[in-house]
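Notes for the one structure printed next.
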Amino acid sequence: MATGMNNVELHHGAATDVGLVREVNEDSYLAAPPVFVVADGMGGHEGGDVASAIVVEEFGRLADAGYDPRRGADVVASTLAACQDRIAEYGAAQRARGASRFHAGTTAVVALLVEDDDGPKWLLANLGDSRIYRFNDGLLEQVSVDHSVVQELVEAGAITADDAATHPERHVITRALGGPERVEADYFLLPLASVERLVLCSDGVTGMIDDGVIAAILGEVSDPRDAADRMVAAAVQAGGKDNATAVVVDVVGLMTATSYDSERQRVSLEQKLGALP
């Protein structure tokens, strides 16, 4: 018999930092189980920060009101469409007031629990170059695919992945909310058992520390709150050239009739499910 998503126990942590160069933090995040979001705004003060805040506000409504877990992709698509409409309306209003070159846009990565006849799953969506990773059995895997010029060049074989890290157009993204045309997100559906730890982060993290550093932090730090703090701190220490945000979510196990005990924060998935003595 399938286990409902309401019985899934999640622990999470989140951190954000303006960094050492930017004056405004245009990143926003949402950690409202079972909905998690990171949005990296573009357009500066009252542009990018407002756009990313709109994304968090719209998905926050979704978390508060609830949603049909069997229609997850439709729910996310309609919420992203609402974000696009609000950001476009906000930009148009600013330009109508005389700010002719005003622009507000944002990336978005989203994770929420859904379910089907086989039980609960993670539904992931991304627009832009913020990223979603899964960390399982000590291995880090990037799930999302960057919507960026350099990613297209890598896929075409024109440059290597190492070249992409220093390419002059590495910050040019090809899909985002707030542009003149409606864009479609990429979606990924992952079985719950395949994701011991989920990470959502802005490129202010991945642009400053590589996957090896991220994997080392996730492997060393068991509490997701500390792991998110460590990832952001490492990005700032490495130069902090952009706003840095990370959300870390652990699938701890299945809820029981007993009350929540914070001391179980460090108990592994295998122990919670009884796979280990």
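Residue numbering restarts at 1 in every chain; chains get A, B, ... in the order shown in the structure tokens, and ligands count up from 1 in that same order.
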Write out as a list of chain:residue names the residues lying within 10 Å of range 226-229 of chain A, counting only C-alpha atoms and excluding same-chain residues fewer than 3 positions away.
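Here the answer would be A:His12, A:Gly13, A:Ala14, A:Ala15, A:Thr16, A:Asp17, A:Val199, A:Leu200, A:Cys201, A:Ile214, A:Ile217, A:Leu218, A:Gly219, A:Glu220, A:Val221, A:Ser222, A:Asp223, A:Val232, A:Ala233, A:Ala234, A:Thr245, A:Ala246, A:Val247, A:Val248, A:Val249.
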Write down as a VMD selection string the residues belonging to range 26-247 of chain A that are assigned strand (DSSP E or B) by DSSP computed on the backbone.
chain A and resid 27 to 32 35 to 42 105 to 106 108 to 116 119 to 127 131 to 136 139 to 142 148 173 177 186 to 191 197 to 201 244 to 247
List as a ChimeraX atom specification the protein and nucleic acid residues near range 85-95 of chain A, meaning an atom at most 8 Å away when only C-alpha atoms are counted, but skip any in the same chain fewer than 4 places from it.
/A:47,51,54,81,99-105,177-180
Let me see the file: selected residues, N, CA, C and O atoms, as a short mmCIF file (atom, residue, chain, number, x, y, z; two decimals), in the first residue's frame.
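The result, written out as selection-v4.cif:
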```cif
data_model
loop_
_atom_site.label_atom_id
_atom_site.label_comp_id
_atom_site.auth_asym_id
_atom_site.auth_seq_id
_atom_site.Cartn_x
_atom_site.Cartn_y
_atom_site.Cartn_z
N GLY A 47 14.13 45.56 -8.67
CA GLY A 47 13.92 44.78 -9.89
C GLY A 47 14.04 43.31 -9.56
O GLY A 47 13.04 42.61 -9.38
N ALA A 51 11.26 40.63 -8.07
CA ALA A 51 10.90 39.47 -8.90
C ALA A 51 11.06 38.17 -8.13
O ALA A 51 10.18 37.30 -8.15
N ILE A 54 8.40 37.79 -5.49
CA ILE A 54 7.11 37.39 -6.05
C ILE A 54 7.03 35.88 -6.18
O ILE A 54 6.00 35.25 -5.87
N ALA A 81 3.28 30.47 -14.00
CA ALA A 81 2.59 31.39 -14.91
C ALA A 81 2.10 32.62 -14.15
O ALA A 81 2.18 33.75 -14.64
N ALA A 99 10.69 54.78 -15.97
CA ALA A 99 11.93 53.99 -15.91
C ALA A 99 12.02 53.15 -17.17
O ALA A 99 11.73 51.94 -17.17
N SER A 100 12.41 53.76 -18.28
CA SER A 100 12.31 53.12 -19.60
C SER A 100 13.16 51.87 -19.73
O SER A 100 12.82 50.96 -20.49
N ARG A 101 14.24 51.80 -18.98
CA ARG A 101 15.14 50.65 -19.10
C ARG A 101 14.96 49.67 -17.94
O ARG A 101 15.78 48.78 -17.73
N PHE A 102 13.88 49.81 -17.21
CA PHE A 102 13.65 48.96 -16.05
C PHE A 102 13.44 47.52 -16.48
O PHE A 102 12.75 47.21 -17.44
N HIS A 103 14.05 46.59 -15.72
CA HIS A 103 13.87 45.16 -15.97
C HIS A 103 13.81 44.43 -14.64
O HIS A 103 14.58 44.72 -13.72
N ALA A 104 12.89 43.50 -14.55
CA ALA A 104 12.80 42.64 -13.38
C ALA A 104 12.65 41.20 -13.85
O ALA A 104 11.75 40.89 -14.64
N GLY A 105 13.55 40.35 -13.42
CA GLY A 105 13.49 38.94 -13.80
C GLY A 105 14.07 38.08 -12.72
O GLY A 105 14.69 38.58 -11.77
N LEU A 177 12.01 33.86 -15.59
CA LEU A 177 10.73 34.53 -15.42
C LEU A 177 10.94 36.04 -15.57
O LEU A 177 11.95 36.57 -15.11
N GLY A 178 9.98 36.71 -16.19
CA GLY A 178 10.04 38.16 -16.31
C GLY A 178 10.40 38.66 -17.69
O GLY A 178 10.38 39.86 -17.94
N GLY A 179 10.75 37.75 -18.60
CA GLY A 179 11.07 38.16 -19.96
C GLY A 179 9.82 38.47 -20.76
O GLY A 179 8.69 38.31 -20.28
N PRO A 180 9.98 38.89 -22.02
CA PRO A 180 8.83 39.27 -22.83
C PRO A 180 7.94 38.10 -23.24
O PRO A 180 6.77 38.30 -23.57
#
```
Pick out the residues sitting within 12 Å of Asp68 in chain A, and hand them over as an MDAnalysis selection string; count only C-alpha atoms, and ignore anything fewer than 2 positions along from it in its own chain.
chainID A and resid 5 62:63 65:66 70:76 112:116
Could you turn the residues from that selection into a file that holds all heavy atoms, as a short mmCIF file (atom, residue, chain, number, x, y, z; two decimals), in the first residue's frame?
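Final output, result.cif:
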```
data_model
loop_
_atom_site.label_atom_id
_atom_site.label_comp_id
_atom_site.auth_asym_id
_atom_site.auth_seq_id
_atom_site.Cartn_x
_atom_site.Cartn_y
_atom_site.Cartn_z
N MET A 5 2.10 11.34 1.02
CA MET A 5 3.15 12.33 1.21
C MET A 5 3.04 13.01 2.56
O MET A 5 4.03 13.52 3.07
CB MET A 5 3.12 13.36 0.10
CG MET A 5 1.81 14.08 -0.09
SD MET A 5 1.92 15.38 -1.32
CE MET A 5 2.10 16.82 -0.28
N LEU A 62 0.87 28.60 -2.29
CA LEU A 62 0.65 27.19 -2.62
C LEU A 62 0.89 26.30 -1.41
O LEU A 62 0.11 25.39 -1.12
CB LEU A 62 1.58 26.80 -3.77
CG LEU A 62 1.44 25.39 -4.33
CD1 LEU A 62 0.09 25.20 -4.97
CD2 LEU A 62 2.56 25.12 -5.34
N ALA A 63 1.96 26.59 -0.68
CA ALA A 63 2.27 25.81 0.52
C ALA A 63 1.19 25.99 1.58
O ALA A 63 0.81 25.03 2.26
CB ALA A 63 3.64 26.21 1.07
N ALA A 65 -2.08 27.01 1.15
CA ALA A 65 -3.41 26.56 0.75
C ALA A 65 -3.47 25.07 0.46
O ALA A 65 -4.54 24.47 0.50
CB ALA A 65 -3.86 27.35 -0.49
N GLY A 66 -2.33 24.47 0.18
CA GLY A 66 -2.30 23.07 -0.20
C GLY A 66 -2.53 22.91 -1.70
O GLY A 66 -2.88 23.86 -2.40
N ARG A 70 -1.43 14.84 -6.87
CA ARG A 70 -1.43 14.02 -8.08
C ARG A 70 -1.43 14.87 -9.35
O ARG A 70 -1.46 14.34 -10.46
CB ARG A 70 -2.62 13.05 -8.08
CG ARG A 70 -2.47 11.97 -7.00
CD ARG A 70 -3.65 11.03 -6.97
NE ARG A 70 -3.41 9.97 -6.00
CZ ARG A 70 -2.86 8.78 -6.28
NH1 ARG A 70 -2.49 8.52 -7.52
NH2 ARG A 70 -2.68 7.89 -5.34
N ARG A 71 -1.43 16.18 -9.18
CA ARG A 71 -1.38 17.10 -10.32
C ARG A 71 -0.22 18.09 -10.15
O ARG A 71 -0.32 19.27 -10.46
CB ARG A 71 -2.71 17.86 -10.44
CG ARG A 71 -3.91 17.01 -10.74
CD ARG A 71 -5.17 17.84 -10.94
NE ARG A 71 -5.03 18.77 -12.06
CZ ARG A 71 -4.88 20.09 -11.92
NH1 ARG A 71 -4.83 20.64 -10.69
NH2 ARG A 71 -4.77 20.87 -12.98
N GLY A 72 0.89 17.56 -9.65
CA GLY A 72 2.01 18.41 -9.27
C GLY A 72 2.54 19.28 -10.40
O GLY A 72 2.76 20.49 -10.22
N ALA A 73 2.76 18.71 -11.59
CA ALA A 73 3.32 19.49 -12.69
C ALA A 73 2.38 20.61 -13.11
O ALA A 73 2.81 21.73 -13.41
CB ALA A 73 3.63 18.57 -13.87
N ASP A 74 1.07 20.33 -13.14
CA ASP A 74 0.09 21.36 -13.48
C ASP A 74 0.09 22.47 -12.43
O ASP A 74 -0.01 23.66 -12.76
CB ASP A 74 -1.31 20.76 -13.59
CG ASP A 74 -1.46 19.82 -14.78
OD1 ASP A 74 -0.68 19.96 -15.74
OD2 ASP A 74 -2.35 18.96 -14.73
N VAL A 75 0.20 22.08 -11.16
CA VAL A 75 0.21 23.05 -10.07
C VAL A 75 1.42 23.97 -10.17
O VAL A 75 1.31 25.19 -10.05
CB VAL A 75 0.19 22.32 -8.71
CG1 VAL A 75 0.49 23.27 -7.58
CG2 VAL A 75 -1.15 21.64 -8.48
N VAL A 76 2.58 23.39 -10.41
CA VAL A 76 3.80 24.19 -10.53
C VAL A 76 3.73 25.09 -11.76
O VAL A 76 4.08 26.28 -11.70
CB VAL A 76 5.05 23.29 -10.58
CG1 VAL A 76 6.30 24.13 -10.89
CG2 VAL A 76 5.23 22.55 -9.27
N LEU A 112 8.83 20.05 -4.70
CA LEU A 112 7.69 19.79 -3.84
C LEU A 112 7.34 18.31 -3.90
O LEU A 112 7.63 17.62 -4.88
CB LEU A 112 6.49 20.65 -4.20
CG LEU A 112 5.69 20.35 -5.46
CD1 LEU A 112 4.33 21.06 -5.39
CD2 LEU A 112 6.42 20.81 -6.71
N LEU A 113 6.73 17.84 -2.83
CA LEU A 113 6.32 16.45 -2.76
C LEU A 113 5.03 16.25 -3.55
O LEU A 113 4.10 17.05 -3.46
CB LEU A 113 6.09 16.01 -1.31
CG LEU A 113 7.33 15.80 -0.45
CD1 LEU A 113 6.91 15.40 0.96
CD2 LEU A 113 8.25 14.74 -1.04
N VAL A 114 5.00 15.19 -4.33
CA VAL A 114 3.79 14.78 -5.04
C VAL A 114 3.60 13.29 -4.77
O VAL A 114 4.42 12.66 -4.09
CB VAL A 114 3.89 15.06 -6.55
CG1 VAL A 114 4.03 16.55 -6.80
CG2 VAL A 114 5.07 14.32 -7.17
N GLU A 115 2.55 12.71 -5.31
CA GLU A 115 2.37 11.28 -5.14
C GLU A 115 1.59 10.68 -6.29
O GLU A 115 0.86 11.37 -7.01
CB GLU A 115 1.69 10.97 -3.81
CG GLU A 115 0.28 11.48 -3.67
CD GLU A 115 -0.32 11.19 -2.29
OE1 GLU A 115 0.42 10.73 -1.41
OE2 GLU A 115 -1.51 11.45 -2.12
N ASP A 116 1.81 9.40 -6.48
CA ASP A 116 1.02 8.62 -7.42
C ASP A 116 0.73 7.27 -6.77
O ASP A 116 0.89 7.14 -5.55
CB ASP A 116 1.74 8.47 -8.77
CG ASP A 116 3.13 7.86 -8.64
OD1 ASP A 116 3.40 7.15 -7.64
OD2 ASP A 116 3.95 8.07 -9.55
#
```
DSSP on the backbone: which residues in range 2-244 of chain A end up as helix (DSSP H, G or I)? Give the answer as a ChimeraX atom specification.
/A:5-7,48-65,69-96,149-155,161-164,192-194,203-206,211-220,224-237
Can you write just those residues out, C-alpha atoms, as an mmCIF file, in the first residue's frame?
```cif
data_model
loop_
_atom_site.group_PDB
_atom_site.id
_atom_site.type_symbol
_atom_site.label_atom_id
_atom_site.label_comp_id
_atom_site.auth_asym_id
_atom_site.auth_seq_id
_atom_site.Cartn_x
_atom_site.Cartn_y
_atom_site.Cartn_z
ATOM 1 C CA MET A 5 3.145 12.332 1.214
ATOM 2 C CA ASN A 6 1.709 13.628 4.490
ATOM 3 C CA ASN A 7 3.557 10.811 6.243
ATOM 4 C CA GLY A 48 15.516 41.435 -9.166
ATOM 5 C CA ASP A 49 14.742 41.451 -5.467
ATOM 6 C CA VAL A 50 11.050 42.126 -6.157
ATOM 7 C CA ALA A 51 10.896 39.471 -8.896
ATOM 8 C CA SER A 52 12.406 36.768 -6.698
ATOM 9 C CA ALA A 53 10.161 37.805 -3.799
ATOM 10 C CA ILE A 54 7.105 37.393 -6.052
ATOM 11 C CA VAL A 55 8.128 33.788 -6.780
ATOM 12 C CA VAL A 56 8.484 33.029 -3.091
ATOM 13 C CA GLU A 57 5.160 34.712 -2.340
ATOM 14 C CA GLU A 58 3.271 32.739 -4.998
ATOM 15 C CA PHE A 59 4.731 29.386 -3.944
ATOM 16 C CA GLY A 60 4.185 30.359 -0.315
ATOM 17 C CA ARG A 61 0.474 30.656 -1.109
ATOM 18 C CA LEU A 62 0.646 27.194 -2.624
ATOM 19 C CA ALA A 63 2.274 25.812 0.517
ATOM 20 C CA ASP A 64 -0.315 27.489 2.746
ATOM 21 C CA ALA A 65 -3.409 26.564 0.748
ATOM 22 C CA PRO A 69 -0.367 16.034 -5.037
ATOM 23 C CA ARG A 70 -1.431 14.020 -8.083
ATOM 24 C CA ARG A 71 -1.384 17.099 -10.318
ATOM 25 C CA GLY A 72 2.008 18.415 -9.275
ATOM 26 C CA ALA A 73 3.323 19.489 -12.689
ATOM 27 C CA ASP A 74 0.095 21.361 -13.480
ATOM 28 C CA VAL A 75 0.206 23.049 -10.070
ATOM 29 C CA VAL A 76 3.801 24.190 -10.526
ATOM 30 C CA ALA A 77 3.191 25.339 -14.107
ATOM 31 C CA SER A 78 0.180 27.433 -13.105
ATOM 32 C CA THR A 79 2.090 28.944 -10.187
ATOM 33 C CA LEU A 80 5.035 29.840 -12.420
ATOM 34 C CA ALA A 81 2.591 31.389 -14.906
ATOM 35 C CA ALA A 82 1.159 33.529 -12.106
ATOM 36 C CA CYS A 83 4.709 34.597 -11.199
ATOM 37 C CA GLN A 84 5.443 35.506 -14.813
ATOM 38 C CA ASP A 85 2.279 37.587 -15.083
ATOM 39 C CA ARG A 86 2.926 39.470 -11.843
ATOM 40 C CA ILE A 87 6.581 40.191 -12.679
ATOM 41 C CA ALA A 88 5.654 41.365 -16.187
ATOM 42 C CA GLU A 89 2.913 43.623 -14.800
ATOM 43 C CA TYR A 90 5.301 45.056 -12.218
ATOM 44 C CA GLY A 91 7.920 45.798 -14.872
ATOM 45 C CA ALA A 92 5.369 47.415 -17.166
ATOM 46 C CA ALA A 93 4.151 49.640 -14.328
ATOM 47 C CA GLN A 94 7.693 50.780 -13.561
ATOM 48 C CA ARG A 95 8.393 51.601 -17.210
ATOM 49 C CA ALA A 96 5.098 53.493 -17.436
ATOM 50 C CA VAL A 149 24.592 30.073 -23.005
ATOM 51 C CA VAL A 150 27.586 28.148 -21.695
ATOM 52 C CA GLN A 151 25.505 25.021 -21.041
ATOM 53 C CA GLU A 152 24.345 25.109 -24.648
ATOM 54 C CA LEU A 153 27.974 25.456 -25.752
ATOM 55 C CA VAL A 154 28.975 22.494 -23.578
ATOM 56 C CA GLU A 155 26.171 20.361 -25.004
ATOM 57 C CA ALA A 161 32.619 21.951 -18.628
ATOM 58 C CA ASP A 162 35.864 23.364 -17.198
ATOM 59 C CA ASP A 163 35.850 26.113 -19.853
ATOM 60 C CA ALA A 164 32.291 27.023 -18.863
ATOM 61 C CA LEU A 192 11.757 9.486 -2.660
ATOM 62 C CA ALA A 193 14.147 6.632 -1.893
ATOM 63 C CA SER A 194 16.620 7.965 -4.478
ATOM 64 C CA ASP A 203 24.605 30.417 -8.864
ATOM 65 C CA GLY A 204 26.187 32.584 -6.196
ATOM 66 C CA VAL A 205 27.034 29.264 -4.556
ATOM 67 C CA THR A 206 27.918 27.143 -7.587
ATOM 68 C CA ASP A 211 30.695 20.282 -6.834
ATOM 69 C CA GLY A 212 33.537 18.633 -4.945
ATOM 70 C CA VAL A 213 33.369 21.227 -2.182
ATOM 71 C CA ILE A 214 29.572 20.977 -2.044
ATOM 72 C CA ALA A 215 29.750 17.181 -1.782
ATOM 73 C CA ALA A 216 32.351 17.381 0.977
ATOM 74 C CA ILE A 217 30.166 19.731 3.032
ATOM 75 C CA LEU A 218 27.075 17.583 2.554
ATOM 76 C CA GLY A 219 29.018 14.469 3.500
ATOM 77 C CA GLU A 220 30.552 16.012 6.614
ATOM 78 C CA PRO A 224 20.700 20.355 7.052
ATOM 79 C CA ARG A 225 20.653 23.730 8.800
ATOM 80 C CA ASP A 226 24.401 23.589 9.340
ATOM 81 C CA ALA A 227 24.959 22.240 5.825
ATOM 82 C CA ALA A 228 23.131 25.200 4.254
ATOM 83 C CA ASP A 229 25.095 27.618 6.450
ATOM 84 C CA ARG A 230 28.386 25.970 5.503
ATOM 85 C CA MET A 231 27.651 26.057 1.763
ATOM 86 C CA VAL A 232 26.834 29.757 1.802
ATOM 87 C CA ALA A 233 29.760 30.595 4.080
ATOM 88 C CA ALA A 234 32.125 28.701 1.764
ATOM 89 C CA ALA A 235 30.837 30.653 -1.243
ATOM 90 C CA VAL A 236 31.379 33.955 0.565
ATOM 91 C CA GLN A 237 34.828 32.906 1.746
#
```
Can you measure CA of Val252 in chain A to CA of Arg134 in chain A for me? One decimal in Å is fine.
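Between these atoms lies a distance of 14.1 Å.
Considering only C-alpha atoms, the residue among A:Val38, A:Asn25, A:Val195, A:Lys241 positioned nearest to Ile209 in chain A is A:Lys241.
The nearest approach to Gly138 in chain A among the residues A:Glu196, A:Phe188, A:Asp118, A:Gly239, with only C-alpha atoms taken into account, belongs to A:Glu196.
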Interatomic distance (Å, one decimal) between CA of Gly128 in chain A and CA of Glu181 in chain A
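Here the two named atoms are 14.3 Å from each other.
Of the residues under consideration (A:Met42, A:Val145, A:Leu140, A:Ala244), A:Ala244 shows the shortest atom-to-atom contact distance to Val21 in chain A when counting only C-alpha atoms.
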With distances taken over only C-alpha atoms, which residue among A:Ala39, A:Ala31, A:Ala158, A:Leu190 lies nearest Gly119 in chain A?
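Answer, going by the shortest atom-to-atom distance: A:Leu190.
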